[in-house]
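Shown here: input32.pdb, PDB, C-alpha atoms.
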```pdb
ATOM      1  CA  MET A   7     -19.762  24.254 -50.906
ATOM      2  CA  THR A   8     -18.697  24.412 -54.566
ATOM      3  CA  ALA A   9     -21.327  25.537 -57.062
ATOM      4  CA  GLU A  10     -22.219  23.010 -59.754
ATOM      5  CA  THR A  11     -21.057  23.765 -63.278
ATOM      6  CA  VAL A  12     -22.915  23.118 -66.519
ATOM      7  CA  ARG A  13     -21.117  21.057 -69.143
ATOM      8  CA  PRO A  14     -20.590  23.269 -72.207
ATOM      9  CA  VAL A  15     -21.282  22.095 -75.748
ATOM     10  CA  LEU A  16     -17.781  21.726 -77.182
ATOM     11  CA  THR A  17     -18.863  20.830 -80.698
ATOM     12  CA  ALA A  18     -22.027  20.005 -82.622
ATOM     13  CA  VAL A  19     -21.371  17.299 -85.213
ATOM     14  CA  GLU A  20     -23.843  16.383 -87.941
ATOM     15  CA  GLY A  21     -24.310  12.721 -88.779
ATOM     16  CA  MET A  22     -23.145  11.350 -92.128
ATOM     17  CA  GLU A  23     -25.051   9.134 -94.552
ATOM     18  CA  ALA A  24     -23.739   5.583 -94.504
ATOM     19  CA  SER A  25     -24.568   2.026 -95.515
ATOM     20  CA  ASP A  26     -23.803  -1.125 -93.553
ATOM     21  CA  GLY A  27     -24.713  -4.785 -93.399
ATOM     22  CA  ALA A  28     -26.126  -5.900 -96.753
ATOM     23  CA  GLY A  29     -26.886  -2.326 -97.784
ATOM     24  CA  VAL A  30     -28.982  -0.887 -94.941
ATOM     25  CA  ARG A  31     -29.115   2.910 -95.209
ATOM     26  CA  MET A  32     -28.429   4.850 -92.017
ATOM     27  CA  THR A  33     -26.870   7.957 -90.517
ATOM     28  CA  ARG A  34     -23.531   7.428 -88.778
ATOM     29  CA  MET A  35     -23.292   9.734 -85.758
ATOM     30  CA  VAL A  36     -20.036   8.554 -84.156
ATOM     31  CA  GLY A  37     -17.256   6.753 -86.015
ATOM     32  CA  THR A  38     -16.896   9.222 -88.893
ATOM     33  CA  PRO A  39     -14.147  11.608 -90.031
ATOM     34  CA  ARG A  40     -16.100  14.308 -88.196
ATOM     35  CA  LEU A  41     -16.174  12.419 -84.896
ATOM     36  CA  ARG A  42     -13.895   9.371 -84.843
ATOM     37  CA  MET A  43     -14.896   8.178 -81.375
ATOM     38  CA  LEU A  44     -15.832   9.460 -77.938
ATOM     39  CA  ASP A  45     -14.088   7.080 -75.533
ATOM     40  CA  PRO A  46     -15.606   4.643 -74.531
ATOM     41  CA  PHE A  47     -18.110   5.035 -77.405
ATOM     42  CA  LEU A  48     -16.721   3.732 -80.690
ATOM     43  CA  MET A  49     -19.601   4.107 -83.106
ATOM     44  CA  LEU A  50     -23.254   5.134 -83.173
ATOM     45  CA  ASP A  51     -25.615   4.490 -86.098
ATOM     46  CA  TYR A  52     -29.124   5.916 -86.430
ATOM     47  CA  PHE A  53     -31.467   4.136 -88.812
ATOM     48  CA  GLY A  54     -34.981   5.197 -89.674
ATOM     49  CA  SER A  55     -37.082   4.539 -92.773
ATOM     50  CA  ASP A  56     -40.543   3.404 -93.806
ATOM     51  CA  THR A  57     -39.185   2.420 -97.238
ATOM     52  CA  PRO A  58     -38.604  -1.366 -97.129
ATOM     53  CA  GLN A  59     -35.708  -1.366 -99.600
ATOM     54  CA  ASP A  60     -33.751   0.805 -97.161
ATOM     55  CA  TYR A  61     -33.677  -1.944 -94.512
ATOM     56  CA  LEU A  62     -34.892  -5.327 -95.815
ATOM     57  CA  ALA A  63     -31.377  -6.612 -96.607
ATOM     58  CA  GLY A  64     -30.582  -6.415 -92.908
ATOM     59  CA  PHE A  65     -27.312  -7.513 -91.312
ATOM     60  CA  PRO A  66     -26.542 -11.134 -92.287
ATOM     61  CA  ASP A  67     -24.048 -13.287 -90.369
ATOM     62  CA  HIS A  68     -20.984 -11.303 -89.275
ATOM     63  CA  PRO A  69     -18.431 -11.570 -86.435
ATOM     64  CA  HIS A  70     -17.483  -9.295 -83.528
ATOM     65  CA  ARG A  71     -14.753  -9.339 -80.896
ATOM     66  CA  GLY A  72     -13.549  -6.955 -78.197
ATOM     67  CA  PHE A  73     -16.510  -4.631 -77.545
ATOM     68  CA  GLU A  74     -20.247  -4.361 -76.853
ATOM     69  CA  THR A  75     -23.130  -3.577 -79.204
ATOM     70  CA  VAL A  76     -26.343  -1.933 -78.037
ATOM     71  CA  THR A  77     -29.407  -2.125 -80.300
ATOM     72  CA  TYR A  78     -32.314   0.115 -79.264
ATOM     73  CA  MET A  79     -35.481  -0.144 -81.352
ATOM     74  CA  LEU A  80     -37.653   2.957 -81.570
ATOM     75  CA  ALA A  81     -40.012   1.336 -84.097
ATOM     76  CA  GLY A  82     -40.219  -2.014 -85.832
ATOM     77  CA  ARG A  83     -38.983  -5.547 -85.186
ATOM     78  CA  MET A  84     -35.502  -7.059 -85.601
ATOM     79  CA  ARG A  85     -34.664 -10.763 -85.231
ATOM     80  CA  HIS A  86     -31.207 -11.624 -83.942
ATOM     81  CA  TRP A  87     -29.339 -14.944 -83.964
ATOM     82  CA  ASP A  88     -25.848 -16.055 -82.990
ATOM     83  CA  ASN A  89     -23.601 -19.100 -83.173
ATOM     84  CA  HIS A  90     -23.770 -19.616 -79.399
ATOM     85  CA  GLY A  91     -27.447 -20.587 -79.534
ATOM     86  CA  HIS A  92     -28.967 -17.210 -78.718
ATOM     87  CA  GLU A  93     -31.998 -16.018 -80.715
ATOM     88  CA  GLY A  94     -34.897 -13.618 -80.260
ATOM     89  CA  VAL A  95     -36.755 -10.557 -81.533
ATOM     90  CA  ILE A  96     -36.214  -6.949 -80.452
ATOM     91  CA  GLU A  97     -39.462  -4.987 -80.791
ATOM     92  CA  THR A  98     -40.453  -1.326 -80.506
ATOM     93  CA  GLY A  99     -39.000   0.173 -77.337
ATOM     94  CA  GLY A 100     -36.817  -2.846 -76.585
ATOM     95  CA  VAL A 101     -33.054  -3.062 -76.177
ATOM     96  CA  GLN A 102     -30.379  -5.709 -76.624
ATOM     97  CA  TRP A 103     -26.991  -5.112 -74.974
ATOM     98  CA  MET A 104     -24.549  -7.683 -76.349
ATOM     99  CA  THR A 105     -21.065  -8.204 -74.965
ATOM    100  CA  ALA A 106     -19.192  -9.777 -77.880
ATOM    101  CA  GLY A 107     -16.132 -10.490 -75.743
ATOM    102  CA  ARG A 108     -13.800 -13.125 -77.235
ATOM    103  CA  GLY A 109     -15.985 -13.646 -80.265
ATOM    104  CA  VAL A 110     -19.467 -14.108 -81.631
ATOM    105  CA  ILE A 111     -20.997 -14.541 -85.078
ATOM    106  CA  HIS A 112     -24.467 -13.089 -85.275
ATOM    107  CA  SER A 113     -27.117 -11.669 -87.586
ATOM    108  CA  GLU A 114     -29.776  -8.985 -87.223
ATOM    109  CA  MET A 115     -32.589  -9.203 -89.752
ATOM    110  CA  PRO A 116     -35.861  -7.254 -90.080
ATOM    111  CA  GLU A 117     -38.916  -9.131 -88.859
ATOM    112  CA  GLN A 118     -41.150  -7.025 -91.134
ATOM    113  CA  THR A 119     -41.578  -6.317 -94.844
ATOM    114  CA  GLU A 120     -43.263  -2.930 -94.559
ATOM    115  CA  GLY A 121     -43.719  -0.044 -92.161
ATOM    116  CA  LEU A 122     -41.315   2.078 -90.162
ATOM    117  CA  MET A 123     -38.062   0.644 -88.836
ATOM    118  CA  LYS A 124     -36.175   3.058 -86.606
ATOM    119  CA  GLY A 125     -33.542   2.857 -83.917
ATOM    120  CA  PHE A 126     -29.909   3.082 -82.877
ATOM    121  CA  GLN A 127     -26.923   0.798 -82.660
ATOM    122  CA  LEU A 128     -24.115   1.853 -80.352
ATOM    123  CA  TRP A 129     -20.660   0.247 -80.058
ATOM    124  CA  ILE A 130     -19.002   0.520 -76.632
ATOM    125  CA  ASN A 131     -15.360  -0.429 -76.139
ATOM    126  CA  LEU A 132     -14.188  -2.955 -73.561
ATOM    127  CA  PRO A 133     -10.972  -2.667 -71.516
ATOM    128  CA  ALA A 134      -8.138  -5.055 -72.403
ATOM    129  CA  ARG A 135      -8.882  -7.298 -69.419
ATOM    130  CA  LEU A 136     -12.412  -8.015 -70.739
ATOM    131  CA  LYS A 137     -11.873  -8.186 -74.495
ATOM    132  CA  MET A 138     -11.563 -11.982 -74.382
ATOM    133  CA  SER A 139     -14.409 -12.549 -71.910
ATOM    134  CA  GLU A 140     -17.296 -14.903 -72.643
ATOM    135  CA  PRO A 141     -20.074 -13.461 -74.847
ATOM    136  CA  ALA A 142     -23.125 -12.295 -72.893
ATOM    137  CA  TYR A 143     -26.515 -10.699 -73.477
ATOM    138  CA  GLN A 144     -28.895  -8.404 -71.666
ATOM    139  CA  GLU A 145     -32.297  -8.033 -73.338
ATOM    140  CA  PHE A 146     -35.279  -6.040 -72.149
ATOM    141  CA  ALA A 147     -38.675  -5.389 -73.727
ATOM    142  CA  ALA A 148     -40.206  -1.914 -73.540
ATOM    143  CA  ASP A 149     -42.378  -2.810 -70.552
ATOM    144  CA  ARG A 150     -39.260  -3.547 -68.485
ATOM    145  CA  ILE A 151     -37.567  -0.214 -69.202
ATOM    146  CA  PRO A 152     -38.664   2.523 -66.768
ATOM    147  CA  VAL A 153     -39.886   5.897 -68.002
ATOM    148  CA  GLU A 154     -39.428   8.826 -65.633
ATOM    149  CA  THR A 155     -41.971  11.645 -66.055
ATOM    150  CA  ARG A 156     -40.858  15.102 -64.995
ATOM    151  CA  GLU A 157     -42.638  18.384 -64.475
ATOM    152  CA  GLY A 158     -44.074  19.887 -67.643
ATOM    153  CA  GLY A 159     -44.281  16.627 -69.562
ATOM    154  CA  THR A 160     -40.595  15.776 -69.979
ATOM    155  CA  THR A 161     -39.973  12.029 -70.124
ATOM    156  CA  VAL A 162     -36.734  10.094 -69.631
ATOM    157  CA  THR A 163     -36.578   6.453 -70.726
ATOM    158  CA  VAL A 164     -33.799   4.936 -68.618
ATOM    159  CA  ILE A 165     -32.008   2.077 -70.382
ATOM    160  CA  ALA A 166     -28.741   2.048 -68.425
ATOM    161  CA  GLY A 167     -27.559   4.005 -65.413
ATOM    162  CA  THR A 168     -29.531   5.942 -62.805
ATOM    163  CA  THR A 169     -31.020   9.420 -63.140
ATOM    164  CA  GLY A 170     -30.506  12.183 -60.608
ATOM    165  CA  ASN A 171     -34.031  11.412 -59.380
ATOM    166  CA  GLY A 172     -33.115   7.798 -58.682
ATOM    167  CA  THR A 173     -34.740   5.980 -61.602
ATOM    168  CA  ALA A 174     -32.502   3.029 -62.527
ATOM    169  CA  GLY A 175     -32.365   1.323 -65.905
ATOM    170  CA  PRO A 176     -32.329  -2.483 -66.192
ATOM    171  CA  VAL A 177     -28.998  -2.793 -68.050
ATOM    172  CA  ARG A 178     -25.782  -3.279 -66.081
ATOM    173  CA  SER A 179     -23.183  -1.404 -68.107
ATOM    174  CA  GLY A 180     -20.069  -2.801 -66.436
ATOM    175  CA  PRO A 181     -16.649  -1.126 -66.410
ATOM    176  CA  THR A 182     -17.635   1.911 -68.493
ATOM    177  CA  GLU A 183     -20.548   2.734 -66.162
ATOM    178  CA  ALA A 184     -22.363   3.866 -69.298
ATOM    179  CA  ARG A 185     -25.581   5.834 -69.003
ATOM    180  CA  TYR A 186     -28.111   5.602 -71.820
ATOM    181  CA  PHE A 187     -31.215   7.817 -71.527
ATOM    182  CA  ASP A 188     -33.837   8.591 -74.199
ATOM    183  CA  VAL A 189     -35.211  12.065 -73.416
ATOM    184  CA  THR A 190     -38.326  13.755 -74.853
ATOM    185  CA  LEU A 191     -38.892  17.469 -74.174
ATOM    186  CA  PRO A 192     -42.018  19.507 -74.923
ATOM    187  CA  ALA A 193     -41.598  22.816 -76.772
ATOM    188  CA  GLY A 194     -39.432  25.245 -74.805
ATOM    189  CA  ALA A 195     -38.860  22.840 -71.904
ATOM    190  CA  ALA A 196     -35.527  22.838 -70.082
ATOM    191  CA  PHE A 197     -33.633  19.676 -69.149
ATOM    192  CA  SER A 198     -30.996  19.284 -66.462
ATOM    193  CA  GLU A 199     -29.290  16.073 -65.400
ATOM    194  CA  PRO A 200     -26.152  15.319 -63.344
ATOM    195  CA  VAL A 201     -23.316  13.550 -65.173
ATOM    196  CA  PRO A 202     -20.510  11.810 -63.246
ATOM    197  CA  ALA A 203     -17.191  13.639 -63.074
ATOM    198  CA  GLY A 204     -14.654  12.348 -65.565
ATOM    199  CA  HIS A 205     -17.239  10.737 -67.845
ATOM    200  CA  ALA A 206     -17.350  11.515 -71.543
ATOM    201  CA  ALA A 207     -20.839  12.765 -72.405
ATOM    202  CA  ALA A 208     -22.914  13.704 -75.426
ATOM    203  CA  LEU A 209     -26.464  14.545 -76.445
ATOM    204  CA  VAL A 210     -27.631  12.878 -79.661
ATOM    205  CA  VAL A 211     -30.447  14.995 -81.100
ATOM    206  CA  PHE A 212     -32.679  13.109 -83.540
ATOM    207  CA  GLU A 213     -36.061  14.871 -83.392
ATOM    208  CA  GLY A 214     -36.880  18.573 -83.112
ATOM    209  CA  SER A 215     -34.185  20.993 -82.001
ATOM    210  CA  VAL A 216     -32.363  22.215 -78.899
ATOM    211  CA  VAL A 217     -30.670  25.377 -77.669
ATOM    212  CA  ALA A 218     -27.481  25.127 -75.618
ATOM    213  CA  PRO A 219     -26.982  27.229 -72.461
ATOM    214  CA  GLY A 220     -25.810  30.749 -73.270
ATOM    215  CA  SER A 221     -26.700  30.403 -76.959
ATOM    216  CA  SER A 222     -29.629  31.415 -79.144
ATOM    217  CA  VAL A 223     -28.768  29.025 -81.979
ATOM    218  CA  ARG A 224     -31.192  26.145 -82.522
ATOM    219  CA  LEU A 225     -29.510  22.838 -83.297
ATOM    220  CA  GLY A 226     -31.551  20.189 -85.089
ATOM    221  CA  GLY A 227     -30.760  16.576 -85.761
ATOM    222  CA  PRO A 228     -29.449  14.154 -86.468
ATOM    223  CA  ARG A 229     -26.538  15.720 -84.610
ATOM    224  CA  VAL A 230     -24.173  14.862 -81.744
ATOM    225  CA  LEU A 231     -23.499  17.558 -79.156
ATOM    226  CA  VAL A 232     -20.218  16.683 -77.447
ATOM    227  CA  LEU A 233     -20.160  18.018 -73.892
ATOM    228  CA  GLY A 234     -17.170  19.312 -71.968
ATOM    229  CA  GLU A 235     -16.320  18.876 -68.305
ATOM    230  CA  GLY A 236     -18.754  19.861 -65.597
ATOM    231  CA  ASP A 237     -21.338  18.511 -63.190
ATOM    232  CA  ARG A 238     -24.539  18.675 -65.227
ATOM    233  CA  ALA A 239     -25.894  18.425 -68.749
ATOM    234  CA  GLU A 240     -28.399  21.172 -69.527
ATOM    235  CA  ILE A 241     -30.345  21.905 -72.708
ATOM    236  CA  THR A 242     -33.612  23.594 -73.777
ATOM    237  CA  ALA A 243     -36.021  22.346 -76.443
ATOM    238  CA  GLY A 244     -36.834  24.409 -79.511
ATOM    239  CA  PRO A 245     -40.357  25.491 -80.562
ATOM    240  CA  SER A 246     -41.320  22.005 -81.813
ATOM    241  CA  GLY A 247     -39.887  20.153 -78.831
ATOM    242  CA  ALA A 248     -36.954  17.755 -78.936
ATOM    243  CA  ARG A 249     -35.954  14.147 -78.533
ATOM    244  CA  PHE A 250     -32.386  13.065 -77.872
ATOM    245  CA  LEU A 251     -30.185  10.451 -76.264
ATOM    246  CA  LEU A 252     -28.022  11.364 -73.283
ATOM    247  CA  LEU A 253     -24.959   9.124 -73.365
ATOM    248  CA  SER A 254     -22.150   9.171 -70.834
ATOM    249  CA  GLY A 255     -19.426   6.728 -69.872
ATOM    250  CA  ARG A 256     -16.101   6.329 -68.144
ATOM    251  CA  PRO A 257     -13.274   6.588 -70.712
ATOM    252  CA  ILE A 258     -11.070   3.487 -70.974
ATOM    253  CA  GLY A 259      -7.943   5.363 -72.045
ATOM    254  CA  GLU A 260      -6.252   2.420 -73.767
ATOM    255  CA  PRO A 261      -4.877   2.081 -77.323
ATOM    256  CA  VAL A 262      -7.604   1.295 -79.876
ATOM    257  CA  ALA A 263      -6.813  -0.986 -82.820
ATOM    258  CA  TRP A 264      -9.862  -1.206 -85.054
ATOM    259  CA  GLY A 265     -10.123  -3.696 -87.880
ATOM    260  CA  GLY A 266     -13.642  -3.920 -89.319
ATOM    261  CA  PRO A 267     -15.755  -5.948 -86.854
ATOM    262  CA  PHE A 268     -12.925  -6.355 -84.331
ATOM    263  CA  VAL A 269     -11.737  -3.742 -81.814
ATOM    264  CA  MET A 270      -8.616  -4.677 -79.873
ATOM    265  CA  ASN A 271      -5.576  -2.934 -78.347
ATOM    266  CA  SER A 272      -3.006  -3.764 -81.043
ATOM    267  CA  ARG A 273      -2.819  -4.616 -84.730
ATOM    268  CA  GLU A 274      -1.437  -8.034 -83.793
ATOM    269  CA  GLU A 275      -4.560  -8.763 -81.728
ATOM    270  CA  VAL A 276      -6.790  -7.694 -84.627
ATOM    271  CA  MET A 277      -4.930 -10.001 -87.020
ATOM    272  CA  GLN A 278      -5.273 -12.844 -84.486
ATOM    273  CA  ALA A 279      -9.030 -12.165 -84.378
ATOM    274  CA  TYR A 280      -9.204 -12.563 -88.163
ATOM    275  CA  ARG A 281      -7.253 -15.832 -87.973
ATOM    276  CA  ASP A 282      -9.447 -17.175 -85.190
ATOM    277  CA  TYR A 283     -12.575 -16.292 -87.156
ATOM    278  CA  GLU A 284     -11.288 -17.939 -90.346
ATOM    279  CA  GLU A 285     -10.340 -21.056 -88.375
ATOM    280  CA  GLY A 286     -13.804 -21.358 -86.849
ATOM    281  CA  LYS A 287     -12.740 -20.550 -83.285
ATOM    282  CA  PHE A 288     -15.594 -18.131 -82.569
TER     283      PHE A 288
END
```
Write the structure described by the file as structure tokens, please.
Amino acid sequence: MTAETVRPVLTAVEGMEASDGAGVRMTRMVGTPRLRMLDPFLMLDYFGSDTPQDYLAGFPDHPHRGFETVTYMLAGRMRHWDNHGHEGVIETGGVQWMTAGRGVIHSEMPEQTEGLMKGFQLWINLPARLKMSEPAYQEFAADRIPVETREGGTTVTVIAGTTGNGTAGPVRSGPTEARYFDVTLPAGAAFSEPVPAGHAAALVVFEGSVVAPGSSVRLGGPRVLVLGEGDRAEITAGPSGARFLLLSGRPIGEPVAWGGPFVMNSREEVMQAYRDYEEGKF
């Protein structure tokens, strides 16, 4: 029987200040010069502010084609709308997993004028065979997302995928088999979780700090810890505890042509997306 191996931390990448939408301030974790992408993950933004002018402008109508967006609200309320007749509000602890497919025009606007708004938006690539699929949504409120409690007070909120203990999230993540866990560790607690062979994986630290196996260096957030090959992800919380996302997914391994809100396999396909959008074909 082969002994399991721990995935090493290959690099620890700090997030970069960014602005998107109509001027919403955020920290870009993936999709920067420091970390261009982590196939199948294209981009990850972390937003968090209790200053209304940082978020009130929101994300007015804009198009997407060729990938999925995942909005996970840690605090606050965000109203979404699209040109296919879909509308609703994502509240604290809720998630929306949108497959843009062949094209959608949507908006995401704050449903509040004060208080804390905090969360993540993740972009996940689609393989060529699904880039022109019909748009689709998966939406789940906090009370439909299971929280696994482990020994010592560790909690794992399971959005997509299944933990090693068998807790399954409500989202079906399709061809990338993406796992999306929100993990909270008490001070000094250790965390260990199997990760499928061949999957890209990362820990996104956004509260407290962590210490990687074999190291004494504490790493605080917001920071992405890119993991190497192995069977398990392991990390230990610092003296004030830690909170992080565990993301993993099957790499697609296809050419990526990225043009603003469109992610296709060639420049020609991106230009066609722009033409289709301008001609009202979304």
Run the PyMOL selection byres ((chain A and resi 161) around 12) on the file and write out the hits as a PDB file with C-alpha atoms, in the frame of the given file.
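selection.pdb, freshly written:
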```
ATOM      1  CA  PRO A 152     -38.664   2.523 -66.768  1.00  0.00           C
ATOM      2  CA  VAL A 153     -39.886   5.897 -68.002  1.00  0.00           C
ATOM      3  CA  GLU A 154     -39.428   8.826 -65.633  1.00  0.00           C
ATOM      4  CA  THR A 155     -41.971  11.645 -66.055  1.00  0.00           C
ATOM      5  CA  ARG A 156     -40.858  15.102 -64.995  1.00  0.00           C
ATOM      6  CA  GLU A 157     -42.638  18.384 -64.475  1.00  0.00           C
ATOM      7  CA  GLY A 158     -44.074  19.887 -67.643  1.00  0.00           C
ATOM      8  CA  GLY A 159     -44.281  16.627 -69.562  1.00  0.00           C
ATOM      9  CA  THR A 160     -40.595  15.776 -69.979  1.00  0.00           C
ATOM     10  CA  VAL A 162     -36.734  10.094 -69.631  1.00  0.00           C
ATOM     11  CA  THR A 163     -36.578   6.453 -70.726  1.00  0.00           C
ATOM     12  CA  VAL A 164     -33.799   4.936 -68.618  1.00  0.00           C
ATOM     13  CA  THR A 169     -31.020   9.420 -63.140  1.00  0.00           C
ATOM     14  CA  THR A 173     -34.740   5.980 -61.602  1.00  0.00           C
ATOM     15  CA  PHE A 187     -31.215   7.817 -71.527  1.00  0.00           C
ATOM     16  CA  ASP A 188     -33.837   8.591 -74.199  1.00  0.00           C
ATOM     17  CA  VAL A 189     -35.211  12.065 -73.416  1.00  0.00           C
ATOM     18  CA  THR A 190     -38.326  13.755 -74.853  1.00  0.00           C
ATOM     19  CA  LEU A 191     -38.892  17.469 -74.174  1.00  0.00           C
ATOM     20  CA  PRO A 192     -42.018  19.507 -74.923  1.00  0.00           C
ATOM     21  CA  ALA A 195     -38.860  22.840 -71.904  1.00  0.00           C
ATOM     22  CA  ALA A 196     -35.527  22.838 -70.082  1.00  0.00           C
ATOM     23  CA  PHE A 197     -33.633  19.676 -69.149  1.00  0.00           C
ATOM     24  CA  GLY A 247     -39.887  20.153 -78.831  1.00  0.00           C
ATOM     25  CA  ALA A 248     -36.954  17.755 -78.936  1.00  0.00           C
ATOM     26  CA  ARG A 249     -35.954  14.147 -78.533  1.00  0.00           C
ATOM     27  CA  PHE A 250     -32.386  13.065 -77.872  1.00  0.00           C
ATOM     28  CA  LEU A 251     -30.185  10.451 -76.264  1.00  0.00           C
TER      29      LEU A 251
END
```
Exercise for the section: Give me the residues within 6 Å of range 205-217 of chain A as a list in words, counting all atoms listed in the file and dropping any in the same chain fewer than 3 places off. Expected result: Pro202, Val223, Arg224, Leu225, Gly226, Gly227, Pro228, Arg229, Val230, Leu231, Val232, Leu233, Thr242, Ala243, Gly244, Ser246, Gly247, Ala248, Arg249, Phe250, Leu251, Leu252, Leu253, Ser254, Gly255 and Arg256 of chain A
Handout entry: Among listed residues A:Glu74, A:Glu183, A:Glu199, A:Asp149, nearest Phe268 in chain A (using all atoms listed in the file)
Key =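 Ranked by minimum distance to Phe268 in chain A, first place goes to A:Glu74.
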Exercise for the section: Please indicate the distance in Å from CA of Asp60 in chain A to CA of Gly29 in chain A, rounded to one decimal place. Expected result: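 Separation between CA of Asp60 in chain A and CA of Gly29 in chain A: 7.6 Å.
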Handout entry: Pick from A:Ser272, A:Thr77, A:Thr168, A:Gln59 nearest to Leu128 in chain A, counting all atoms listed in the file
Key =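 Ranked by minimum distance to Leu128 in chain A, first place goes to A:Thr77.
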Handout entry: Nearest residue to Gly99 in chain A from the set A:Asp45, A:Glu145, A:Glu23, A:Glu240 (distances using only C-alpha atoms)
Key =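 Closest residue, counting only C-alpha atoms: A:Glu145.
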Here's the selection I'm unsure about, the PyMOL selection byres ((chain A and resi 200) around 6); applied to the file above, which residues does it give, as a JSON list (two decimals) with C-alpha atoms, in the frame of the given file?
```json
[["chain", "number", "residue", "atom", "x", "y", "z"],
["A", 199, "GLU", "CA", -29.29, 16.07, -65.40],
["A", 201, "VAL", "CA", -23.32, 13.55, -65.17],
["A", 237, "ASP", "CA", -21.34, 18.51, -63.19],
["A", 238, "ARG", "CA", -24.54, 18.68, -65.23]]
```
Exercise for the section: Name the residues captured by the PyMOL selection byres ((chain A and resi 86) around 6) when it is applied to the shown file; answer as an MDAnalysis selection string. Expected result: chainID A and resid 85 87 93:94 113:114
Practice task
Would you work out the distance separating CA of Arg71 in chain A from CA of Val269 in chain A, expressed in Å to one decimal?
Solution key: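 Distance reported for this atom pair: 6.4 Å.
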Practice task
Quick one: everything within 12 Å of Ser25 in chain A, counting all atoms listed in the file, minus sequence neighbours fewer than 4 positions away in the same chain. Send it as a ChimeraX atom specification.
Solution key: /A:29-34,51-53,60-61,63-65
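For the choices A:Tyr283, A:Phe73, A:Tyr186, A:Trp264, the atom-to-atom distance to Arg42 in chain A is smallest for A:Trp264 when using only C-alpha atoms.
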Practice task
Kindly give the distance, in Å, that separates CA of Gly21 in chain A and CA of Glu97 in chain A, rounded to a single decimal.
Solution key: 24.6 Å
Handout entry: Of the listed residues A:Gly220, A:Gly27, A:Pro116, A:Pro261, that which approaches Glu275 in chain A most closely, counting only C-alpha atoms
Key = A:Pro261
Handout entry: For Met79 in chain A, the nearest of the candidates A:Arg108, A:Thr11, A:Tyr143, A:Ile165, counting all atoms listed in the file
Key = A:Ile165
Taking all atoms of range 156-171 of chain A that the file lists, what box with edges along x, y and z, padded by 8 Å per side, do you get, with centre and edge lengths in Å to one decimal, as JSON?
```
{"center_x": -35.9, "center_y": 11.0, "center_z": -65.1, "size_x": 32.7, "size_y": 33.8, "size_z": 27.3}
```
Handout entry: For Met138 in chain A: contacts at 9 Å, all atoms listed in the file, fewer than 2 positions along chain excluded, given as a list in words
Key =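 The neighbour list is Arg71, Gly72, Ala106, Gly107, Arg108, Gly109, Ala134, Arg135, Leu136, Glu140 and Pro141 of chain A.
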